[in-house]
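Dumped query31.pdb below, it's PDB, C-alpha atoms and all ligand atoms:
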```pdb
ATOM      1  CA  MET O  24      17.900  -8.237  -6.835  1.00  0.00           C
ATOM      2  CA  THR O  25      17.204 -11.861  -5.786  1.00  0.00           C
ATOM      3  CA  ALA O  26      14.082 -12.131  -7.932  1.00  0.00           C
ATOM      4  CA  ALA O  27      15.939 -10.587 -10.896  1.00  0.00           C
ATOM      5  CA  ARG O  28      18.774 -13.090 -10.462  1.00  0.00           C
ATOM      6  CA  GLN O  29      16.285 -15.968 -10.242  1.00  0.00           C
ATOM      7  CA  ALA O  30      14.484 -14.689 -13.349  1.00  0.00           C
ATOM      8  CA  VAL O  31      17.774 -14.747 -15.288  1.00  0.00           C
ATOM      9  CA  ASP O  32      18.501 -18.303 -14.043  1.00  0.00           C
ATOM     10  CA  LEU O  33      15.128 -19.377 -15.426  1.00  0.00           C
ATOM     11  CA  LEU O  34      15.469 -17.364 -18.634  1.00  0.00           C
ATOM     12  CA  VAL O  35      18.830 -18.995 -19.410  1.00  0.00           C
ATOM     13  CA  GLN O  36      17.210 -22.422 -19.092  1.00  0.00           C
ATOM     14  CA  THR O  37      14.551 -21.526 -21.673  1.00  0.00           C
ATOM     15  CA  SER O  38      17.386 -21.123 -24.198  1.00  0.00           C
ATOM     16  CA  SER O  39      17.585 -24.927 -24.536  1.00  0.00           C
ATOM     17  CA  GLY O  40      14.616 -24.452 -26.883  1.00  0.00           C
ATOM     18  CA  TRP O  41      16.826 -22.731 -29.460  1.00  0.00           C
ATOM     19  CA  HIS O  42      20.429 -23.669 -28.478  1.00  0.00           C
ATOM     20  CA  PHE O  43      21.154 -27.371 -28.850  1.00  0.00           C
ATOM     21  CA  ASP O  44      23.794 -29.794 -30.070  1.00  0.00           C
ATOM     22  CA  GLY O  45      23.364 -31.749 -33.271  1.00  0.00           C
ATOM     23  CA  ALA O  46      20.318 -31.362 -35.469  1.00  0.00           C
ATOM     24  CA  ARG O  47      16.552 -31.348 -35.070  1.00  0.00           C
ATOM     25  CA  HIS O  48      14.517 -32.261 -38.144  1.00  0.00           C
ATOM     26  CA  GLY O  49      17.813 -32.129 -40.058  1.00  0.00           C
ATOM     27  CA  LEU O  50      18.748 -28.543 -39.106  1.00  0.00           C
ATOM     28  CA  THR O  51      21.285 -27.223 -36.574  1.00  0.00           C
ATOM     29  CA  ASP O  52      20.231 -24.589 -34.057  1.00  0.00           C
ATOM     30  CA  ARG O  53      21.959 -21.900 -36.165  1.00  0.00           C
ATOM     31  CA  GLU O  54      20.132 -23.012 -39.317  1.00  0.00           C
ATOM     32  CA  TRP O  55      16.829 -22.938 -37.441  1.00  0.00           C
ATOM     33  CA  MET O  56      17.670 -19.451 -36.163  1.00  0.00           C
ATOM     34  CA  ALA O  57      18.393 -18.235 -39.696  1.00  0.00           C
ATOM     35  CA  LEU O  58      15.272 -19.783 -41.228  1.00  0.00           C
ATOM     36  CA  ARG O  59      13.090 -18.469 -38.407  1.00  0.00           C
ATOM     37  CA  LEU O  60      14.477 -14.941 -38.743  1.00  0.00           C
ATOM     38  CA  LEU O  61      14.057 -14.872 -42.518  1.00  0.00           C
ATOM     39  CA  ALA O  62      10.445 -16.037 -42.161  1.00  0.00           C
ATOM     40  CA  ARG O  63       9.763 -13.187 -39.691  1.00  0.00           C
ATOM     41  CA  ALA O  64      11.848 -10.365 -41.218  1.00  0.00           C
ATOM     42  CA  ASN O  65      10.461  -7.656 -43.476  1.00  0.00           C
ATOM     43  CA  ARG O  66      11.721  -7.123 -47.043  1.00  0.00           C
ATOM     44  CA  PHE O  67      14.386  -4.640 -45.880  1.00  0.00           C
ATOM     45  CA  SER O  68      15.916  -7.090 -43.410  1.00  0.00           C
ATOM     46  CA  ARG O  69      15.951 -10.372 -45.324  1.00  0.00           C
ATOM     47  CA  THR O  70      19.600  -9.839 -46.235  1.00  0.00           C
ATOM     48  CA  PRO O  71      22.828 -11.742 -45.496  1.00  0.00           C
ATOM     49  CA  SER O  72      24.202  -8.866 -43.385  1.00  0.00           C
ATOM     50  CA  ALA O  73      21.036  -8.592 -41.231  1.00  0.00           C
ATOM     51  CA  LEU O  74      21.147 -12.346 -40.790  1.00  0.00           C
ATOM     52  CA  ALA O  75      24.782 -12.221 -39.621  1.00  0.00           C
ATOM     53  CA  GLN O  76      23.853  -9.481 -37.138  1.00  0.00           C
ATOM     54  CA  PHE O  77      20.879 -11.427 -35.759  1.00  0.00           C
ATOM     55  CA  VAL O  78      22.620 -14.798 -35.428  1.00  0.00           C
ATOM     56  CA  GLY O  79      25.768 -13.089 -34.074  1.00  0.00           C
ATOM     57  CA  THR O  80      28.229 -14.420 -36.655  1.00  0.00           C
ATOM     58  CA  SER O  81      30.482 -13.061 -39.378  1.00  0.00           C
ATOM     59  CA  ARG O  82      29.093 -12.446 -42.887  1.00  0.00           C
ATOM     60  CA  ALA O  83      31.100 -15.458 -44.118  1.00  0.00           C
ATOM     61  CA  THR O  84      29.549 -17.825 -41.543  1.00  0.00           C
ATOM     62  CA  ALA O  85      26.066 -16.464 -42.260  1.00  0.00           C
ATOM     63  CA  SER O  86      26.658 -17.018 -45.993  1.00  0.00           C
ATOM     64  CA  GLN O  87      27.577 -20.653 -45.336  1.00  0.00           C
ATOM     65  CA  THR O  88      24.361 -21.117 -43.343  1.00  0.00           C
ATOM     66  CA  VAL O  89      22.361 -19.554 -46.191  1.00  0.00           C
ATOM     67  CA  LYS O  90      24.077 -21.830 -48.708  1.00  0.00           C
ATOM     68  CA  ARG O  91      23.177 -24.956 -46.708  1.00  0.00           C
ATOM     69  CA  LEU O  92      19.540 -23.805 -46.402  1.00  0.00           C
ATOM     70  CA  GLU O  93      19.439 -23.083 -50.139  1.00  0.00           C
ATOM     71  CA  ASP O  94      20.867 -26.538 -50.896  1.00  0.00           C
ATOM     72  CA  LYS O  95      18.105 -28.081 -48.783  1.00  0.00           C
ATOM     73  CA  GLY O  96      15.512 -26.091 -50.718  1.00  0.00           C
ATOM     74  CA  TYR O  97      14.390 -23.963 -47.742  1.00  0.00           C
ATOM     75  CA  LEU O  98      15.637 -20.606 -49.044  1.00  0.00           C
ATOM     76  CA  GLN O  99      15.920 -18.840 -52.379  1.00  0.00           C
ATOM     77  CA  ARG O 100      17.690 -15.587 -53.188  1.00  0.00           C
ATOM     78  CA  LYS O 101      16.438 -12.855 -55.482  1.00  0.00           C
ATOM     79  CA  SER O 102      17.568  -9.352 -56.436  1.00  0.00           C
ATOM     80  CA  ALA O 103      16.135  -6.388 -54.550  1.00  0.00           C
ATOM     81  CA  ASP O 104      13.651  -4.298 -56.588  1.00  0.00           C
ATOM     82  CA  GLN O 105      15.487  -0.999 -56.123  1.00  0.00           C
ATOM     83  CA  ASP O 106      19.075  -2.246 -56.228  1.00  0.00           C
ATOM     84  CA  LYS O 107      19.664  -5.283 -58.424  1.00  0.00           C
ATOM     85  CA  ARG O 108      23.089  -5.811 -56.801  1.00  0.00           C
ATOM     86  CA  SER O 109      21.454  -6.400 -53.400  1.00  0.00           C
ATOM     87  CA  VAL O 110      20.154  -9.815 -52.437  1.00  0.00           C
ATOM     88  CA  ILE O 111      16.902 -10.630 -50.643  1.00  0.00           C
ATOM     89  CA  LEU O 112      16.526 -14.060 -49.057  1.00  0.00           C
ATOM     90  CA  ASP O 113      13.059 -15.616 -49.246  1.00  0.00           C
ATOM     91  CA  VAL O 114      11.803 -18.700 -47.425  1.00  0.00           C
ATOM     92  CA  THR O 115      10.441 -21.213 -49.965  1.00  0.00           C
ATOM     93  CA  PRO O 116       7.164 -23.165 -49.510  1.00  0.00           C
ATOM     94  CA  ARG O 117       9.360 -26.117 -48.473  1.00  0.00           C
ATOM     95  CA  GLY O 118      10.980 -23.878 -45.849  1.00  0.00           C
ATOM     96  CA  GLU O 119       7.554 -22.722 -44.596  1.00  0.00           C
ATOM     97  CA  LYS O 120       6.570 -26.356 -44.276  1.00  0.00           C
ATOM     98  CA  ILE O 121       9.508 -27.353 -42.080  1.00  0.00           C
ATOM     99  CA  LEU O 122       8.943 -24.273 -39.903  1.00  0.00           C
ATOM    100  CA  ALA O 123       5.807 -26.070 -38.663  1.00  0.00           C
ATOM    101  CA  SER O 124       8.283 -28.340 -36.802  1.00  0.00           C
ATOM    102  CA  ASP O 125      10.269 -25.431 -35.320  1.00  0.00           C
ATOM    103  CA  PRO O 126      11.848 -26.523 -31.990  1.00  0.00           C
ATOM    104  CA  ILE O 127      10.770 -23.223 -30.369  1.00  0.00           C
ATOM    105  CA  ALA O 128       7.051 -24.009 -30.923  1.00  0.00           C
ATOM    106  CA  PRO O 129       6.620 -25.286 -27.304  1.00  0.00           C
ATOM    107  CA  LEU O 130       8.101 -22.004 -26.009  1.00  0.00           C
ATOM    108  CA  ILE O 131       5.716 -19.947 -28.158  1.00  0.00           C
ATOM    109  CA  HIS O 132       2.814 -22.016 -26.832  1.00  0.00           C
ATOM    110  CA  ALA O 133       3.968 -21.529 -23.220  1.00  0.00           C
ATOM    111  CA  ILE O 134       4.153 -17.720 -23.699  1.00  0.00           C
ATOM    112  CA  ALA O 135       0.792 -17.611 -25.502  1.00  0.00           C
ATOM    113  CA  THR O 136      -0.881 -19.238 -22.487  1.00  0.00           C
ATOM    114  CA  LEU O 137       0.762 -17.131 -19.756  1.00  0.00           C
ATOM    115  CA  GLU O 138      -1.624 -15.754 -17.147  1.00  0.00           C
ATOM    116  CA  VAL O 139      -0.004 -12.307 -17.374  1.00  0.00           C
ATOM    117  CA  GLY O 140      -0.734 -12.303 -21.123  1.00  0.00           C
ATOM    118  CA  ALA O 141       1.632 -12.638 -24.085  1.00  0.00           C
ATOM    119  CA  ASN O 142       1.321  -8.898 -24.881  1.00  0.00           C
ATOM    120  CA  ASN O 143       2.511  -7.920 -21.391  1.00  0.00           C
ATOM    121  CA  PHE O 144       5.349 -10.446 -21.512  1.00  0.00           C
ATOM    122  CA  ARG O 145       6.442  -9.125 -24.925  1.00  0.00           C
ATOM    123  CA  ASP O 146       6.384  -5.527 -23.674  1.00  0.00           C
ATOM    124  CA  LEU O 147       8.517  -6.458 -20.650  1.00  0.00           C
ATOM    125  CA  LEU O 148      11.107  -8.163 -22.868  1.00  0.00           C
ATOM    126  CA  SER O 149      11.066  -5.145 -25.143  1.00  0.00           C
ATOM    127  CA  GLN O 150      11.815  -2.869 -22.158  1.00  0.00           C
ATOM    128  CA  ILE O 151      14.708  -5.132 -21.118  1.00  0.00           C
ATOM    129  CA  LEU O 152      16.165  -5.106 -24.635  1.00  0.00           C
ATOM    130  CA  ARG O 153      15.955  -1.301 -24.802  1.00  0.00           C
ATOM    131  CA  GLN O 154      17.916  -1.065 -21.538  1.00  0.00           C
ATOM    132  CA  LEU O 155      20.538  -3.515 -22.817  1.00  0.00           C
ATOM    133  CA  ASP O 156      20.793  -1.602 -26.108  1.00  0.00           C
ATOM    134  CA  ALA O 157      21.462   1.644 -24.230  1.00  0.00           C
ATOM    135  CA  ARG O 158      24.066   0.086 -21.917  1.00  0.00           C
ATOM    136  CA  GLN O 159      25.873  -1.983 -24.534  1.00  0.00           C
ATOM    137  CA  ASN O 160      25.571   0.496 -27.397  1.00  0.00           C
ATOM    138  CA  ARG O 161      23.831  -2.011 -29.636  1.00  0.00           C
ATOM    139  CA  HIS O 162      20.612  -2.199 -31.604  1.00  0.00           C
ATOM    140  CA  HIS O 163      17.910  -4.866 -31.537  1.00  0.00           C
ATOM    141  CA  ALA O 164      15.444  -5.815 -34.255  1.00  0.00           C
ATOM    142  CA  ASP O 165      11.732  -5.243 -33.630  1.00  0.00           C
ATOM    143  CA  SER O 166       8.497  -4.666 -35.528  1.00  0.00           C
ATOM    144  CA  CYS O 167       7.288  -1.361 -36.983  1.00  0.00           C
ATOM    145  CA  ARG O 168       4.465  -0.578 -34.566  1.00  0.00           C
ATOM    146  CA  GLN O 169       6.774   0.971 -31.982  1.00  0.00           C
ATOM    147  CA  CYS O 170       9.210   2.508 -34.512  1.00  0.00           C
ATOM    148  CA  ILE O 171       9.663   6.271 -34.791  1.00  0.00           C
ATOM    149  CA  PHE O 172       9.717   5.993 -38.605  1.00  0.00           C
ATOM    150  CA  LEU O 173       6.200   4.533 -38.952  1.00  0.00           C
ATOM    151  CA  THR O 174       3.424   6.829 -40.203  1.00  0.00           C
ATOM    152  CA  GLU O 175      -0.150   5.603 -40.412  1.00  0.00           C
ATOM    153  CA  ALA O 176      -2.690   6.222 -43.184  1.00  0.00           C
ATOM    154  CA  ALA O 177      -0.491   8.457 -45.325  1.00  0.00           C
ATOM    155  CA  TYR O 178      -1.598   9.776 -48.692  1.00  0.00           C
ATOM    156  CA  ASN O 179       0.998   8.856 -51.299  1.00  0.00           C
ATOM    157  CA  ARG O 180       1.062  11.638 -53.916  1.00  0.00           C
ATOM    158  CA  ALA O 181       3.173   9.642 -56.358  1.00  0.00           C
ATOM    159  CA  SER O 182       0.828   6.650 -56.508  1.00  0.00           C
ATOM    160  CA  ARG O 183      -2.276   8.768 -55.665  1.00  0.00           C
ATOM    161  CA  LYS O 184      -3.526   6.322 -53.147  1.00  0.00           C
ATOM    162  CA  GLN O 185      -4.170   6.110 -49.450  1.00  0.00           C
ATOM    163  CA  THR O 186      -1.684   3.700 -47.932  1.00  0.00           C
ATOM    164  CA  GLU O 187      -2.106   1.772 -44.702  1.00  0.00           C
ATOM    165  CA  TYR O 188       1.343   2.671 -43.405  1.00  0.00           C
ATOM    166  CA  THR O 189       4.463   4.424 -44.601  1.00  0.00           C
ATOM    167  CA  CYS O 190       8.068   3.986 -43.462  1.00  0.00           C
ATOM    168  CA  ARG O 191       9.831   7.356 -43.404  1.00  0.00           C
ATOM    169  CA  PHE O 192      13.245   5.704 -43.149  1.00  0.00           C
ATOM    170  CA  PHE O 193      12.903   3.647 -46.355  1.00  0.00           C
ATOM    171  CA  ARG O 194      10.330   6.037 -47.924  1.00  0.00           C
ATOM    172  CA  ALA O 195       8.166   3.024 -48.713  1.00  0.00           C
ATOM    173  CA  ASP O 196       4.536   1.995 -48.260  1.00  0.00           C
ATOM    174  CA  LEU O 197       3.895  -0.873 -45.875  1.00  0.00           C
ATOM    175  CA  THR O 198       0.913  -3.192 -45.651  1.00  0.00           C
ATOM    176  CA  GLY O 199      -0.793  -4.037 -42.368  1.00  0.00           C
ATOM    177  CA  ALA O 200       0.864  -7.480 -42.423  1.00  0.00           C
ATOM    178  CA  GLU O 201       4.336  -5.986 -42.931  1.00  0.00           C
ATOM    179  CA  VAL O 202       4.232  -3.798 -39.826  1.00  0.00           C
ATOM    180  CA  ASP O 203       4.256  -6.895 -37.627  1.00  0.00           C
ATOM    181  CA  LEU O 204       7.465  -8.241 -39.160  1.00  0.00           C
ATOM    182  CA  LEU O 205      10.980  -7.774 -37.766  1.00  0.00           C
ATOM    183  CA  CYS O 206      13.180  -4.949 -39.007  1.00  0.00           C
ATOM    184  CA  PHE O 207      16.848  -4.241 -38.292  1.00  0.00           C
ATOM    185  CA  ASN O 208      16.412  -0.513 -38.862  1.00  0.00           C
ATOM    186  CA  PHE O 209      13.826  -0.309 -36.078  1.00  0.00           C
ATOM    187  CA  GLU O 210      14.221   2.784 -33.912  1.00  0.00           C
ATOM    188  CA  GLY O 211      12.185   2.616 -30.683  1.00  0.00           C
ATOM    189  CA  ARG O 212       9.746   5.335 -29.594  1.00  0.00           C
ATOM    190  CA  GLY O 213      10.519   5.055 -25.906  1.00  0.00           C
ATOM    191  CA  SER O 214       9.066   3.094 -23.065  1.00  0.00           C
ATOM    192  CA  GLY O 215       5.366   3.025 -23.962  1.00  0.00           C
ATOM    193  CA  ALA O 216       3.420  -0.192 -24.485  1.00  0.00           C
ATOM    194  CA  VAL O 217       3.410  -1.672 -27.962  1.00  0.00           C
ATOM    195  CA  PRO O 218      -0.020  -1.252 -29.566  1.00  0.00           C
ATOM    196  CA  THR O 219      -1.578  -4.342 -31.149  1.00  0.00           C
TER     197      THR O 219
HETATM  198  S1  LIG B 301       9.009   1.803 -39.824  1.00  0.00           S
HETATM  199 FE1  LIG B 301      10.901   1.321 -38.725  1.00  0.00          FE
HETATM  200  S2  LIG B 301      10.740  -0.849 -38.289  1.00  0.00           S
HETATM  201 FE2  LIG B 301       9.295  -0.403 -39.948  1.00  0.00          FE
HETATM  202  S3  LIG B 301      10.376  -0.746 -41.874  1.00  0.00           S
HETATM  203 FE3  LIG B 301      10.631   1.408 -41.339  1.00  0.00          FE
HETATM  204  S4  LIG B 301      12.561   1.511 -40.198  1.00  0.00           S
HETATM  205 FE4  LIG B 301      11.892  -0.625 -40.220  1.00  0.00          FE
END
```
Is it possible to express this structure as structure tokens?
Amino acid sequence: MTAARQAVDLLVQTSSGWHFDGARHGLTDREWMALRLLARANRFSRTPSALAQFVGTSRATASQTVKRLEDKGYLQRKSADQDKRSVILDVTPRGEKILASDPIAPLIHAIATLEVGANNFRDLLSQILRQLDARQNRHHADSCRQCIFLTEAAYNRASRKQTEYTCRFFRADLTGAEVDLLCFNFEGRGSGAVPT
């Protein structure tokens, strides 16, 4: 267990990349977390409740964070296509621009250049999260490729077209770009490697 303990000691220290006091480029760590998530989440997960779940706050606190990001021009809200009462949060071009200064960029670079490979590192983290989910009865967000609800190359009878991917949970077509985004309704397929 010594190596595992040492790994956790090191992992905790990497969190200084996303947990910090004060502001960086005018945003607190929680605002960065929210903006980052909303830039990476699919259309089903860009909601205030998914945001609260991801950042680990109440809906009210998440709403205040959203309001501040809206006031700064980094986010805009729009009604969901299917349910006009539901809100989808979109990152604006101004928000995309500030994300180029994201404080976690050095961490992403460090992972991208790992000798073991970023894919292997990602798969190991995914395994760890699955174990934690099972033990703590919780649910983590992940991308579609390893989700039990993803079907590839389905023929959509309603639209009479061949789609790249279909989500059986939301009964919706997905583009190739969408399957790499984060989803809070992700349901893992097991312990296999994530295809790229
Ligand atoms: S396939 Fe899974 S991860 Fe992808 S949108 Fe559907 S529920 Fe979410």
Go through stretch 105-133 of chain O residue by residue and, counting all atoms listed in the file, keep those with an atom at most 9 Å from stretch 31-40 of chain O; for each kept residue give the shortest atom pair and its distance in Å to one decimal, ordered by chain and increasing number, as JSON lines.
```
{"residue": "O:Pro126", "atom": "CA", "partner": "O:Gly40", "partner_atom": "CA", "distance": 6.2}
{"residue": "O:Ile127", "atom": "CA", "partner": "O:Gly40", "partner_atom": "CA", "distance": 5.3}
{"residue": "O:Ala128", "atom": "CA", "partner": "O:Gly40", "partner_atom": "CA", "distance": 8.6}
{"residue": "O:Pro129", "atom": "CA", "partner": "O:Gly40", "partner_atom": "CA", "distance": 8.1}
{"residue": "O:Leu130", "atom": "CA", "partner": "O:Gly40", "partner_atom": "CA", "distance": 7.0}
```
Next item on the list: Could you pull out the residues sitting within 9 Å of ligand LIG 301 (chain B), using only C-alpha atoms and all ligand atoms, and write them as a ChimeraX atom specification?
Entry: /O:65-68,164-174,188-195,197,201-211
Would you export the selected residues with C-alpha atoms as a PDB file, in the coordinates of the input, please?
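Full text of part-v5.pdb as output:
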```
ATOM      1  CA  ASN O  65      10.461  -7.656 -43.476  1.00  0.00           C
ATOM      2  CA  ARG O  66      11.721  -7.123 -47.043  1.00  0.00           C
ATOM      3  CA  PHE O  67      14.386  -4.640 -45.880  1.00  0.00           C
ATOM      4  CA  SER O  68      15.916  -7.090 -43.410  1.00  0.00           C
ATOM      5  CA  ALA O 164      15.444  -5.815 -34.255  1.00  0.00           C
ATOM      6  CA  ASP O 165      11.732  -5.243 -33.630  1.00  0.00           C
ATOM      7  CA  SER O 166       8.497  -4.666 -35.528  1.00  0.00           C
ATOM      8  CA  CYS O 167       7.288  -1.361 -36.983  1.00  0.00           C
ATOM      9  CA  ARG O 168       4.465  -0.578 -34.566  1.00  0.00           C
ATOM     10  CA  GLN O 169       6.774   0.971 -31.982  1.00  0.00           C
ATOM     11  CA  CYS O 170       9.210   2.508 -34.512  1.00  0.00           C
ATOM     12  CA  ILE O 171       9.663   6.271 -34.791  1.00  0.00           C
ATOM     13  CA  PHE O 172       9.717   5.993 -38.605  1.00  0.00           C
ATOM     14  CA  LEU O 173       6.200   4.533 -38.952  1.00  0.00           C
ATOM     15  CA  THR O 174       3.424   6.829 -40.203  1.00  0.00           C
ATOM     16  CA  TYR O 188       1.343   2.671 -43.405  1.00  0.00           C
ATOM     17  CA  THR O 189       4.463   4.424 -44.601  1.00  0.00           C
ATOM     18  CA  CYS O 190       8.068   3.986 -43.462  1.00  0.00           C
ATOM     19  CA  ARG O 191       9.831   7.356 -43.404  1.00  0.00           C
ATOM     20  CA  PHE O 192      13.245   5.704 -43.149  1.00  0.00           C
ATOM     21  CA  PHE O 193      12.903   3.647 -46.355  1.00  0.00           C
ATOM     22  CA  ARG O 194      10.330   6.037 -47.924  1.00  0.00           C
ATOM     23  CA  ALA O 195       8.166   3.024 -48.713  1.00  0.00           C
ATOM     24  CA  LEU O 197       3.895  -0.873 -45.875  1.00  0.00           C
ATOM     25  CA  GLU O 201       4.336  -5.986 -42.931  1.00  0.00           C
ATOM     26  CA  VAL O 202       4.232  -3.798 -39.826  1.00  0.00           C
ATOM     27  CA  ASP O 203       4.256  -6.895 -37.627  1.00  0.00           C
ATOM     28  CA  LEU O 204       7.465  -8.241 -39.160  1.00  0.00           C
ATOM     29  CA  LEU O 205      10.980  -7.774 -37.766  1.00  0.00           C
ATOM     30  CA  CYS O 206      13.180  -4.949 -39.007  1.00  0.00           C
ATOM     31  CA  PHE O 207      16.848  -4.241 -38.292  1.00  0.00           C
ATOM     32  CA  ASN O 208      16.412  -0.513 -38.862  1.00  0.00           C
ATOM     33  CA  PHE O 209      13.826  -0.309 -36.078  1.00  0.00           C
ATOM     34  CA  GLU O 210      14.221   2.784 -33.912  1.00  0.00           C
ATOM     35  CA  GLY O 211      12.185   2.616 -30.683  1.00  0.00           C
TER      36      GLY O 211
END
```
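Every residue that the PyMOL selection byres (((chain O and resi 93-105) around 8) and not hetatm) selects in this file is listed here: Leu58, Val89, Lys90, Arg91, Leu92, Asp106, Lys107, Arg108, Ser109, Val110, Ile111, Leu112, Asp113, Val114, Thr115, Pro116, Arg117, Gly118 and Glu119 of chain O.
Among the candidates O:Arg28, O:Arg212, O:Arg158, O:Arg53, the one nearest to O:Thr88 when counting all atoms listed in the file is O:Arg53.
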Result set of the PyMOL selection byres (((chain O and resi 75-82) around 8) and not hetatm) on the coordinates above, as a list in words | Arg53, Met56, Ala57, Leu60, Pro71, Ser72, Ala73, Leu74, Ala83, Thr84, Ala85, Ser86 and Ala164 of chain O
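Atom CA of O:Ser124 is positioned 9.0 Å from atom CA of O:Arg47.
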Please measure the separation of atom CA of O:Lys120 and atom CA of O:Ala62, giving the value in Å to one decimal.
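Here the two named atoms are 11.2 Å from each other.
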Coordinates of box centre and edge lengths for stretch 199-214 of chain O, 5 Å on every side, axis-aligned, as lines of an AutoDock Vina configuration file:
```
center_x = 8.0
center_y = -1.5
center_z = -33.0
size_x = 27.6
size_y = 23.6
size_z = 29.9
```
Notebook entry, point to check: How many Å lie between atom CA of O:Thr198 and atom CA of O:Arg69, rounded to one decimal?
Noted result: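 Between atom CA of O:Thr198 and atom CA of O:Arg69 the gap is 16.7 Å.
Once O:Asp52 and its same-chain neighbours fewer than 2 positions away are set aside, Trp41, His42, Phe43, Ala46, Leu50, Glu54, Trp55 and Met56 of chain O remain within 7 Å of it when counting only C-alpha atoms.
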Write the selection just made, keeping C-alpha atoms, as a PDB file, in the coordinates of the input?
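Ended up saving to part.pdb:
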```
ATOM      1  CA  TRP O  41      16.826 -22.731 -29.460  1.00  0.00           C
ATOM      2  CA  HIS O  42      20.429 -23.669 -28.478  1.00  0.00           C
ATOM      3  CA  PHE O  43      21.154 -27.371 -28.850  1.00  0.00           C
ATOM      4  CA  ALA O  46      20.318 -31.362 -35.469  1.00  0.00           C
ATOM      5  CA  LEU O  50      18.748 -28.543 -39.106  1.00  0.00           C
ATOM      6  CA  GLU O  54      20.132 -23.012 -39.317  1.00  0.00           C
ATOM      7  CA  TRP O  55      16.829 -22.938 -37.441  1.00  0.00           C
ATOM      8  CA  MET O  56      17.670 -19.451 -36.163  1.00  0.00           C
TER       9      MET O  56
END
```
Given the file above and the PyMOL selection byres (((chain O and resi 145) around 12) and not hetatm), which residues are selected, and can you give them as a ChimeraX atom specification? /O:131,134-135,137,139-144,146-152,165-166,216-219
